[in-house]
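Listing of work.tsv, TSV, C-alpha atoms
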```tsv
chain	number	residue	atom	x	y	z
F	1	MET	CA	65.53	121.68	131.24
F	2	CYS	CA	62.14	123.15	132.02
F	3	LYS	CA	62.01	126.77	130.81
F	4	GLU	CA	58.51	127.47	132.11
F	5	ALA	CA	57.65	129.07	135.42
F	6	GLU	CA	59.03	127.21	138.42
F	7	SER	CA	55.55	126.21	139.58
F	8	ASP	CA	54.85	124.67	136.18
F	9	CYS	CA	57.98	122.49	136.46
F	10	LEU	CA	56.79	120.81	139.66
F	11	MET	CA	54.90	117.55	139.78
F	12	PRO	CA	51.21	118.09	140.56
F	13	GLU	CA	51.50	116.83	144.15
F	14	ASP	CA	54.59	119.01	144.79
F	15	ARG	CA	52.82	122.02	143.27
F	16	GLU	CA	49.90	121.57	145.65
F	17	ALA	CA	52.28	121.36	148.66
F	18	ALA	CA	54.30	124.42	147.61
F	19	GLN	CA	51.31	126.71	147.12
F	20	PRO	CA	50.22	126.82	150.83
F	21	GLN	CA	53.85	127.48	151.89
F	22	ARG	CA	54.15	130.42	149.50
F	23	SER	CA	50.78	131.69	150.64
F	24	ARG	CA	51.83	131.59	154.31
F	25	SER	CA	55.12	133.35	153.50
F	26	ARG	CA	53.28	136.12	151.66
F	27	ARG	CA	50.85	136.57	154.54
F	28	VAL	CA	53.73	136.80	157.05
F	29	GLY	CA	55.52	139.30	154.84
F	30	ARG	CA	52.41	141.45	154.51
F	31	TRP	CA	51.83	141.34	158.29
F	32	ILE	CA	55.41	142.47	158.94
F	33	ARG	CA	55.08	145.37	156.48
F	34	ARG	CA	51.77	146.45	158.01
F	35	HIS	CA	52.96	146.16	161.63
F	36	PRO	CA	56.63	147.24	161.76
F	37	LEU	CA	56.62	148.16	165.45
F	38	ARG	CA	55.01	144.90	166.49
F	39	SER	CA	57.46	143.02	164.28
F	40	LEU	CA	60.37	144.82	165.91
F	41	GLY	CA	59.02	144.09	169.38
F	42	LEU	CA	58.53	140.42	168.56
F	43	SER	CA	62.07	140.21	167.18
F	44	LEU	CA	63.48	141.79	170.33
F	45	LEU	CA	61.45	139.43	172.51
F	46	LEU	CA	62.68	136.39	170.61
F	47	GLY	CA	66.26	137.68	170.79
F	48	PHE	CA	65.96	138.26	174.53
F	49	ALA	CA	64.60	134.74	175.02
F	50	ALA	CA	67.46	133.26	172.98
F	51	VAL	CA	70.08	135.15	175.00
F	52	ASN	CA	68.52	133.91	178.25
F	53	VAL	CA	68.53	130.31	177.00
F	54	LEU	CA	72.24	130.67	176.19
F	55	ALA	CA	72.95	132.21	179.61
F	56	PHE	CA	71.04	129.40	181.34
F	57	ARG	CA	73.10	126.79	179.48
F	58	HIS	CA	76.39	128.58	180.17
F	59	ALA	CA	75.60	128.92	183.87
F	60	GLY	CA	74.98	125.18	184.08
F	61	ALA	CA	78.13	124.35	182.12
F	62	MET	CA	80.35	126.50	184.35
F	63	THR	CA	79.02	125.09	187.61
F	64	THR	CA	78.46	121.42	186.70
F	65	PHE	CA	81.50	119.20	186.23
F	66	VAL	CA	81.47	116.48	183.58
F	67	SER	CA	83.30	113.16	183.37
F	68	ASP	CA	82.73	112.16	179.74
F	69	ARG	CA	84.71	114.86	177.92
F	70	PRO	CA	87.77	117.08	178.45
F	71	SER	CA	87.65	120.65	179.69
F	72	THR	CA	87.43	123.51	177.23
F	73	HIS	CA	90.73	125.36	176.90
F	74	SER	CA	91.08	128.87	178.34
F	75	PRO	CA	89.79	131.66	176.05
F	76	GLU	CA	93.32	132.83	175.30
F	77	GLU	CA	94.16	129.42	173.81
F	78	LEU	CA	91.05	129.12	171.60
F	79	SER	CA	90.86	129.96	167.91
F	80	LEU	CA	88.21	132.41	166.70
F	81	GLY	CA	86.00	129.53	165.55
F	82	ALA	CA	86.44	127.68	168.84
F	83	ARG	CA	85.53	130.84	170.78
F	84	ALA	CA	82.36	131.21	168.74
F	85	SER	CA	81.50	127.56	169.40
F	86	ALA	CA	82.11	128.01	173.14
F	87	LEU	CA	79.89	131.11	173.19
F	88	LEU	CA	77.05	129.23	171.51
F	89	ALA	CA	77.35	125.77	173.04
F	90	GLY	CA	78.95	126.55	176.41
F	91	VAL	CA	82.18	125.32	177.93
F	92	SER	CA	83.00	121.92	179.39
F	93	VAL	CA	84.65	121.65	182.80
F	94	ARG	CA	85.92	118.18	183.63
F	95	ARG	CA	85.35	116.98	187.19
F	96	PRO	CA	88.62	117.60	189.08
F	97	GLU	CA	90.37	114.48	190.31
F	98	ASN	CA	93.38	114.05	192.58
F	99	GLN	CA	96.39	113.28	190.41
F	100	GLU	CA	98.55	112.05	193.29
F	101	THR	CA	98.54	111.49	197.05
F	102	PRO	CA	100.95	112.87	199.66
F	103	ALA	CA	102.79	109.54	199.47
F	104	GLU	CA	104.16	110.50	196.03
F	105	SER	CA	105.65	113.58	197.67
F	106	GLN	CA	107.15	111.48	200.50
F	107	LEU	CA	104.69	112.91	203.00
F	108	PRO	CA	102.95	110.85	205.70
F	109	PHE	CA	99.18	111.23	205.64
F	110	SER	CA	95.83	109.81	206.59
F	111	SER	CA	92.48	110.19	204.80
F	112	HIS	CA	89.38	111.41	206.61
F	113	VAL	CA	85.72	111.96	205.75
F	114	LEU	CA	84.11	115.21	206.91
F	115	SER	CA	80.50	116.35	206.70
F	116	ALA	CA	79.22	119.72	205.55
F	117	GLY	CA	75.46	119.34	205.83
F	118	GLU	CA	74.54	116.52	203.47
F	119	THR	CA	77.83	116.82	201.58
F	120	ARG	CA	80.61	114.30	202.20
F	121	LEU	CA	84.11	115.78	202.02
F	122	GLU	CA	87.42	113.96	201.71
F	123	ALA	CA	90.39	115.46	203.56
F	124	TRP	CA	94.03	114.56	203.97
F	125	LEU	CA	95.82	115.08	207.27
F	126	ILE	CA	99.60	115.51	206.89
F	127	PRO	CA	101.05	115.45	210.43
F	128	CYS	CA	104.12	117.25	211.68
F	129	SER	CA	105.92	116.80	214.98
F	130	PRO	CA	106.81	118.94	216.82
F	131	CYS	CA	103.88	121.01	215.62
F	132	GLU	CA	103.52	124.82	215.57
F	133	GLY	CA	99.88	124.58	214.57
F	134	VAL	CA	97.63	123.43	211.72
F	135	VAL	CA	97.21	124.93	208.26
F	136	VAL	CA	93.93	124.31	206.39
F	137	LEU	CA	94.50	124.51	202.63
F	138	CYS	CA	91.64	125.31	200.22
F	139	HIS	CA	92.01	124.81	196.46
F	140	GLY	CA	90.71	126.87	193.54
F	141	TYR	CA	88.02	126.46	190.88
F	142	ALA	CA	88.16	123.23	188.83
F	143	ALA	CA	91.01	121.92	191.01
F	144	SER	CA	91.39	119.41	193.84
F	145	LYS	CA	93.41	119.09	197.01
F	146	SER	CA	96.33	117.35	195.27
F	147	SER	CA	97.11	120.66	193.54
F	148	LEU	CA	98.09	122.01	196.99
F	149	LEU	CA	100.66	119.34	197.85
F	150	PRO	CA	103.72	121.50	196.94
F	151	ILE	CA	102.42	124.27	199.21
F	152	ALA	CA	101.63	121.78	201.98
F	153	SER	CA	105.22	120.54	201.80
F	154	GLU	CA	106.45	124.08	202.46
F	155	PHE	CA	104.12	124.56	205.42
F	156	ARG	CA	105.16	121.23	206.90
F	157	ALA	CA	108.82	122.24	206.57
F	158	LEU	CA	107.92	125.28	208.69
F	159	GLY	CA	106.54	122.97	211.39
F	160	TYR	CA	102.83	122.89	210.61
F	161	THR	CA	100.45	119.99	210.33
F	162	CYS	CA	98.37	120.36	207.16
F	163	VAL	CA	94.72	119.65	206.38
F	164	LEU	CA	93.89	119.53	202.66
F	165	VAL	CA	90.20	119.30	201.76
F	166	ASP	CA	88.38	118.59	198.50
F	167	PHE	CA	85.51	121.00	197.99
F	168	ARG	CA	82.12	119.57	197.05
F	169	GLY	CA	82.13	118.22	193.49
F	170	SER	CA	85.92	117.78	193.44
F	171	GLY	CA	88.37	114.95	194.08
F	172	GLY	CA	87.16	112.46	196.66
F	173	SER	CA	84.20	114.57	197.84
F	174	SER	CA	80.61	113.97	196.81
F	175	GLY	CA	78.67	115.79	194.12
F	176	ASP	CA	79.48	117.19	190.71
F	177	ARG	CA	78.64	120.88	191.13
F	178	THR	CA	80.39	123.99	192.39
F	179	SER	CA	78.97	127.29	193.63
F	180	LEU	CA	82.22	129.22	193.07
F	181	GLY	CA	82.95	129.57	196.78
F	182	TYR	CA	79.43	130.29	198.02
F	183	HIS	CA	78.37	126.95	199.52
F	184	GLU	CA	82.04	125.95	199.75
F	185	ALA	CA	82.22	128.25	202.78
F	186	GLN	CA	80.47	125.42	204.65
F	187	ASP	CA	83.23	123.06	203.50
F	188	VAL	CA	85.83	125.47	204.88
F	189	ALA	CA	84.00	125.60	208.21
F	190	ALA	CA	83.98	121.79	208.42
F	191	ALA	CA	87.71	121.61	207.64
F	192	VAL	CA	88.60	124.28	210.21
F	193	ALA	CA	86.53	122.49	212.89
F	194	PHE	CA	88.42	119.28	212.05
F	195	ALA	CA	91.73	121.15	212.30
F	196	ARG	CA	90.82	122.66	215.69
F	197	GLU	CA	90.39	119.16	217.10
F	198	ARG	CA	93.96	118.37	216.10
F	199	ALA	CA	95.65	121.67	216.86
F	200	SER	CA	96.12	120.84	220.55
F	201	GLY	CA	95.88	124.50	221.44
F	202	GLY	CA	98.19	125.58	218.62
F	203	ARG	CA	97.37	128.08	215.93
F	204	VAL	CA	95.01	127.33	213.06
F	205	VAL	CA	96.00	129.09	209.85
F	206	LEU	CA	93.57	129.23	206.93
F	207	PHE	CA	95.09	129.28	203.43
F	208	GLY	CA	93.01	129.70	200.26
F	209	THR	CA	93.85	130.24	196.63
F	210	SER	CA	91.49	131.79	194.04
F	211	MET	CA	88.01	130.34	194.68
F	212	GLY	CA	89.39	128.80	197.89
F	213	ALA	CA	90.35	132.29	199.07
F	214	ALA	CA	86.81	133.52	198.33
F	215	ALA	CA	85.34	130.56	200.21
F	216	ALA	CA	87.63	131.24	203.18
F	217	LEU	CA	86.50	134.86	203.35
F	218	ARG	CA	82.85	133.86	203.11
F	219	ALA	CA	83.35	131.23	205.84
F	220	ILE	CA	84.64	133.96	208.15
F	221	HIS	CA	81.79	136.32	207.19
F	222	THR	CA	78.83	133.90	207.26
F	223	GLU	CA	79.90	130.72	209.08
F	224	GLY	CA	81.60	132.25	212.11
F	225	VAL	CA	84.99	130.72	211.28
F	226	GLN	CA	87.76	132.39	213.30
F	227	PRO	CA	91.25	131.35	212.19
F	228	ASP	CA	94.30	132.62	214.05
F	229	ALA	CA	95.81	133.78	210.77
F	230	LEU	CA	94.68	133.99	207.16
F	231	ILE	CA	96.61	133.70	203.89
F	232	LEU	CA	94.78	134.68	200.70
F	233	GLU	CA	96.18	134.07	197.24
F	234	ALA	CA	94.44	135.77	194.28
F	235	PRO	CA	90.85	136.03	195.55
F	236	PHE	CA	88.35	137.65	193.18
F	237	ASN	CA	86.64	140.78	194.45
F	238	ARG	CA	83.07	140.22	193.18
F	239	LEU	CA	81.54	137.30	191.31
F	240	LEU	CA	79.92	139.61	188.74
F	241	ALA	CA	83.27	141.25	188.05
F	242	THR	CA	85.13	137.98	187.55
F	243	ILE	CA	82.38	136.67	185.22
F	244	ALA	CA	82.62	139.92	183.25
F	245	HIS	CA	86.38	139.35	182.86
F	246	ARG	CA	85.65	135.99	181.21
F	247	PHE	CA	83.53	137.73	178.58
F	248	GLU	CA	86.25	140.29	177.98
F	249	SER	CA	88.84	137.54	177.52
F	250	MET	CA	86.59	136.08	174.80
F	251	GLY	CA	86.63	139.44	173.04
F	252	VAL	CA	82.91	140.18	173.50
F	253	PRO	CA	81.09	142.85	175.56
F	254	SER	CA	80.45	141.74	179.13
F	255	SER	CA	77.04	143.35	179.55
F	256	PRO	CA	74.31	142.13	179.70
F	257	GLY	CA	75.83	138.65	179.34
F	258	ALA	CA	77.63	138.71	182.69
F	259	GLU	CA	74.53	139.87	184.54
F	260	LEU	CA	72.39	137.17	182.89
F	261	LEU	CA	74.99	134.50	183.64
F	262	VAL	CA	75.14	135.45	187.32
F	263	PHE	CA	71.33	135.59	187.48
F	264	TRP	CA	70.78	132.13	185.97
F	265	GLY	CA	73.70	130.71	187.93
F	266	SER	CA	72.02	131.98	191.08
F	267	VAL	CA	68.72	130.38	190.09
F	268	ARG	CA	70.34	127.05	189.26
F	269	GLY	CA	72.57	126.99	192.34
F	270	GLY	CA	70.16	128.38	194.90
F	271	ILE	CA	72.46	131.29	195.74
F	272	ASN	CA	72.58	135.09	195.41
F	273	GLY	CA	75.51	135.50	193.06
F	274	PHE	CA	75.17	139.28	192.98
F	275	ALA	CA	75.94	139.34	196.72
F	276	HIS	CA	78.85	136.90	196.47
F	277	ASN	CA	81.51	139.56	197.02
F	278	PRO	CA	84.72	138.60	198.87
F	279	ALA	CA	85.67	142.29	198.93
F	280	GLU	CA	82.74	142.80	201.31
F	281	TYR	CA	83.33	139.59	203.28
F	282	ALA	CA	86.78	140.92	204.12
F	283	SER	CA	85.25	143.44	206.53
F	284	SER	CA	84.65	140.55	208.95
F	285	VAL	CA	88.30	139.50	209.10
F	286	LYS	CA	89.88	140.28	212.48
F	287	CYS	CA	93.00	138.12	212.38
F	288	PRO	CA	96.45	138.83	210.86
F	289	THR	CA	96.11	138.39	207.12
```
Could the structure of this file be written out as structure tokens, please?
Amino acid sequence: MCKEAESDCLMPEDREAAQPQRSRSRRVGRWIRRHPLRSLGLSLLLGFAAVNVLAFRHAGAMTTFVSDRPSTHSPEELSLGARASALLAGVSVRRPENQETPAESQLPFSSHVLSAGETRLEAWLIPCSPCEGVVVLCHGYAASKSSLLPIASEFRALGYTCVLVDFRGSGGSSGDRTSLGYHEAQDVAAAVAFARERASGGRVVLFGTSMGAAAALRAIHTEGVQPDALILEAPFNRLLATIAHRFESMGVPSSPGAELLVFWGSVRGGINGFAHNPAEYASSVKCPT
């Protein structure tokens, strides 16, 4: 083994390449020692940029469905290593698909295509005769209308025709993105208008679960939707609060991560996530709820 100095053990060409690298490292080290405040500021700036890059990636992962890989498990089901990986790389949310049709539940139905702006929506109409009215059913985040079939069966047994709609990005509807109930309010409005045409003067009841409940409240607040009755199951109160809960379930502080995630999600989705607050939309509700 070579017992001389490390630089003397290198081949001449390697020694020439190593010397400039050591020289640069020494110069950087001297600059840091001479300018501690500037070094600290630069480190903070780089750290802030890195956190924003992560938030931008996470915002995209949470609102863009994928078809080439499975969804990431819920935080409670992840190991410590898997949680760390999810925090660094972002989660995967598989595009929701309908697992069955009403026919598998022995329900008569017809499929319809609705329009919400440029978005094409697929809806199922499950008729009932005699009919007390129509119930419009709105599914939750990362779900599709087939998840509501058991509930639709109960409403039909009570004498109601049912309209089940896939939100944009889900099931048979177009797109691969979600806005967590923000733009989905337009989908709710389209479904309620479709239901009104088939209610024949009967009542139109709006049912929403989770994100669907938030979209229903926003549709009433911003789209002028006026159901005769409203049923809300587990709506979130504010988007910022529900994003913060996701951080807490991962065992990490929610701030400033939640604020950055909502900010970049707003930028990517063309929305104001900080104003996406179903608790405030509820002030516009005038019907029995």
Nearest to Ala216 of chain F among F:Phe109, F:Tyr281, F:Phe155, F:Phe247, with distances taken over all atoms listed in the file: which residue is it?
-> F:Tyr281
For atom CA of Phe65 of chain F and atom CA of Ala185 of chain F, the interatomic separation in Å (one decimal) | 18.9 Å
Could you work out how far atom CA of Leu149 of chain F lies from atom CA of Thr119 of chain F, giving the answer in Å with one decimal?
->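 Computing it gives 23.3 Å between the two atoms.
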Computed interatomic separation between atom CA of Arg94 of chain F and atom CA of Thr72 of chain F (Å) | 8.5 Å
Between F:Leu230, F:Val163, F:Ala157, F:Val262, which one has atoms that come closest to Leu137 of chain F, using only C-alpha atoms?
-> F:Val163
Which of F:Ser144, F:Ser115, F:Ser71, F:Thr101 sits closest to Phe194 of chain F [using only C-alpha atoms] | F:Ser115
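Each of F:Pro150, F:Pro227, F:Pro278, F:Pro288 was checked against Ala199 of chain F using only C-alpha atoms; the smallest atom-to-atom distance is that of F:Pro227.
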With distances taken over only C-alpha atoms, which of F:Gly201, F:Pro70, F:Pro108, F:Gly251 is nearest to Val91 of chain F?
->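 Checking each candidate against Val91 of chain F, we get F:Pro70 as the closest.
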Within 9 Å of segment 208-210 of chain F, counting all atoms listed in the file, which residues qualify if same-chain residues fewer than 3 places away don't, as an NGL selection string?
-> :F and (136-141 or 213-217 or 230-236)
With all atoms listed in the file as the basis for distance, which of F:Ala50, F:Ala275, F:Thr242, F:Ser284 is at the shortest distance from Gly224 of chain F?
->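 Closest to Gly224 of chain F of all the choices is F:Ser284.
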Could you list, with a cut-off of 9 Å and counting all atoms listed in the file, the residues of segment 186-224 of chain F near segment 121-133 of chain F, each shown with its nearest atom pair and the distance in Å rounded to one decimal, rows sorted by chain and ascending number, as CSV?
```
residue,atom,partner,partner_atom,distance
F:Asp187,CA,F:Leu121,CA,7.5
F:Ala190,CA,F:Leu121,CA,8.8
F:Ala191,CA,F:Ala123,CA,7.9
F:Ala195,CA,F:Leu125,CA,8.9
F:Arg198,CA,F:Gly133,CA,8.7
F:Ala199,CA,F:Gly133,CA,5.6
F:Ser200,CA,F:Gly133,CA,8.0
F:Gly201,CA,F:Gly133,CA,8.0
F:Gly202,CA,F:Gly133,CA,4.5
F:Arg203,CA,F:Gly133,CA,4.5
F:Val204,CA,F:Gly133,CA,5.8
F:Val205,CA,F:Gly133,CA,7.6
```
Pick out the residues sitting within 7 Å of Arg95 of chain F, and hand them over as a PyMOL selection string; count all atoms listed in the file, and ignore anything fewer than 5 positions along from it in its own chain.
-> chain F and resi 65-67+170+176
